[in-house]
Amino acid sequence: MIAHLSGELASTGDRWVVIDVGGIGYRVQVTQPALQSIQQTAGPVRVHTHMAVRDDDIQLYGFLYPSELELFRILISVSGIGPQIAMNILSQISFADFAIAIVSDDEKVLTRIPGIGQKSAKRLILELKDKMKKHTGTPTGNKKSAEAGDAVSALISLGFTPREAQEAVDAAQPISDPTVQNLIRAALARLREH
């Protein structure tokens with residue numbers, strides 16, 4: 001399995017790049033934001049990859065951050081969500097907005113993504129909320145700790161370790177309006193910095 005690729009950018013297309021690694025060009029499917037970022041990068045390019053093998057096809061999917069790769073893997077584990085739909089989701093909605101849509105049962109945000117209908121949006125919310133509940137370990141003694149616990153659970157379900165999620169939410173809690181959505185946004189901003 002190919003875990004990551006580092007090399008020179010050889011060419012780009014509509015949501016794909018070719019990365020030259022030691023004289024071999026690897027064509028990698030990327031999200032629209034990743035494509036824009038890679039095109040602006042001077043020097044070597046590095047992407048974390050997921051290799052999908054089917055009977056008649058092998059595809060590499062590339063991501064700039066390990067957290068995006070983890071979210072991609074979580075998305076394709078949802079029944080009815082294949083790699084292309086997962087790439088659409090990651091291209092059309094920010095990491096924070098996706099997490100908030102799942103936590104707050106916001107189907108409307110999800111159905112704006114091409115390839116996601118109402119049924120798929122409900123399935124995403126149902127299956128990803130279940131994963132969040134499995135990771136919940138924060139006591140719900142008061143509203144503030146309950147919201148922090150929900151934010152930590154959302155981050156864990158999106159691929160962050162429990163320690164990373166807890167530290168990011170703890171660091172984000174001094175914000176003026178600590179709703180679950182605001183805590184997730186602030187915590188994701190901190191996690192992106194590292």
# chains A, B, ... in the order shown; residues from 1 in each chain; ligands from 1
>>> residues_around(residues="Ala34 of chain A", least_positions_apart="6", cutoff="10 Å", atoms="only C-alpha atoms", output="list in words")
Arg15, Trp16, Val17, Gln40, Val47, Gly62, Phe63, Leu64, Tyr65, Leu90 and Ser91 of chain A
>>> residues_around(residues="Leu126 of chain A", least_positions_apart="5", cutoff="12 Å", atoms="only C-alpha atoms", output="list in words")
Val78, Ser79, Ala101, Ile102, Val103, Ser104, Asp105, Asp106, Glu107, Lys119, Ser120, Ala121, Lys131, Met132 and Lys133 of chain A
>>> residues_around(residues="Glu68 of chain A", least_positions_apart="6", cutoff="9 Å", atoms="only C-alpha atoms", output="MDAnalysis selection string")
chainID A and resid 48 90 95 158:159
>>> write_last_selection(atoms="all heavy atoms", output="PDB file, in the first residue's frame")
ATOM      1  N   HIS A  48      -0.643  12.583   1.366  1.00  0.00           N
ATOM      2  CA  HIS A  48      -0.968  11.346   2.061  1.00  0.00           C
ATOM      3  C   HIS A  48      -2.000  10.636   1.193  1.00  0.00           C
ATOM      4  O   HIS A  48      -2.945  11.270   0.712  1.00  0.00           O
ATOM      5  CB  HIS A  48      -1.533  11.655   3.451  1.00  0.00           C
ATOM      6  CG  HIS A  48      -0.590  12.464   4.268  1.00  0.00           C
ATOM      7  ND1 HIS A  48       0.408  11.897   5.017  1.00  0.00           N
ATOM      8  CD2 HIS A  48      -0.464  13.805   4.427  1.00  0.00           C
ATOM      9  CE1 HIS A  48       1.096  12.844   5.614  1.00  0.00           C
ATOM     10  NE2 HIS A  48       0.589  14.012   5.269  1.00  0.00           N
ATOM     11  N   LEU A  90     -15.409  16.444   0.374  1.00  0.00           N
ATOM     12  CA  LEU A  90     -14.210  17.143   0.832  1.00  0.00           C
ATOM     13  C   LEU A  90     -13.860  18.342  -0.045  1.00  0.00           C
ATOM     14  O   LEU A  90     -13.174  19.260   0.406  1.00  0.00           O
ATOM     15  CB  LEU A  90     -13.034  16.165   0.891  1.00  0.00           C
ATOM     16  CG  LEU A  90     -13.182  15.057   1.927  1.00  0.00           C
ATOM     17  CD1 LEU A  90     -12.061  14.026   1.793  1.00  0.00           C
ATOM     18  CD2 LEU A  90     -13.209  15.616   3.333  1.00  0.00           C
ATOM     19  N   PHE A  95     -13.863  21.347   6.412  1.00  0.00           N
ATOM     20  CA  PHE A  95     -13.772  20.349   7.465  1.00  0.00           C
ATOM     21  C   PHE A  95     -14.664  20.747   8.649  1.00  0.00           C
ATOM     22  O   PHE A  95     -15.443  19.956   9.158  1.00  0.00           O
ATOM     23  CB  PHE A  95     -12.298  20.288   7.889  1.00  0.00           C
ATOM     24  CG  PHE A  95     -11.892  19.032   8.573  1.00  0.00           C
ATOM     25  CD1 PHE A  95     -11.791  17.851   7.874  1.00  0.00           C
ATOM     26  CD2 PHE A  95     -11.576  19.046   9.916  1.00  0.00           C
ATOM     27  CE1 PHE A  95     -11.386  16.690   8.509  1.00  0.00           C
ATOM     28  CE2 PHE A  95     -11.171  17.895  10.557  1.00  0.00           C
ATOM     29  CZ  PHE A  95     -11.073  16.712   9.849  1.00  0.00           C
ATOM     30  N   LEU A 158     -13.824  12.361  13.433  1.00  0.00           N
ATOM     31  CA  LEU A 158     -13.247  12.841  12.178  1.00  0.00           C
ATOM     32  C   LEU A 158     -11.779  12.457  12.027  1.00  0.00           C
ATOM     33  O   LEU A 158     -11.111  12.903  11.109  1.00  0.00           O
ATOM     34  CB  LEU A 158     -13.407  14.359  12.076  1.00  0.00           C
ATOM     35  CG  LEU A 158     -14.848  14.844  11.967  1.00  0.00           C
ATOM     36  CD1 LEU A 158     -14.917  16.359  12.014  1.00  0.00           C
ATOM     37  CD2 LEU A 158     -15.489  14.324  10.695  1.00  0.00           C
ATOM     38  N   GLY A 159     -11.281  11.623  12.947  1.00  0.00           N
ATOM     39  CA  GLY A 159      -9.948  11.070  12.753  1.00  0.00           C
ATOM     40  C   GLY A 159      -8.866  11.568  13.687  1.00  0.00           C
ATOM     41  O   GLY A 159      -7.742  11.093  13.615  1.00  0.00           O
TER      42      GLY A 159
END
>>> atom_distance(atom1="atom CA of Asp97 of chain A", atom2="atom CA of Leu110 of chain A")
9.5 Å
>>> atom_distance(atom1="atom CA of Lys129 of chain A", atom2="atom CA of Gly82 of chain A")
18.8 Å
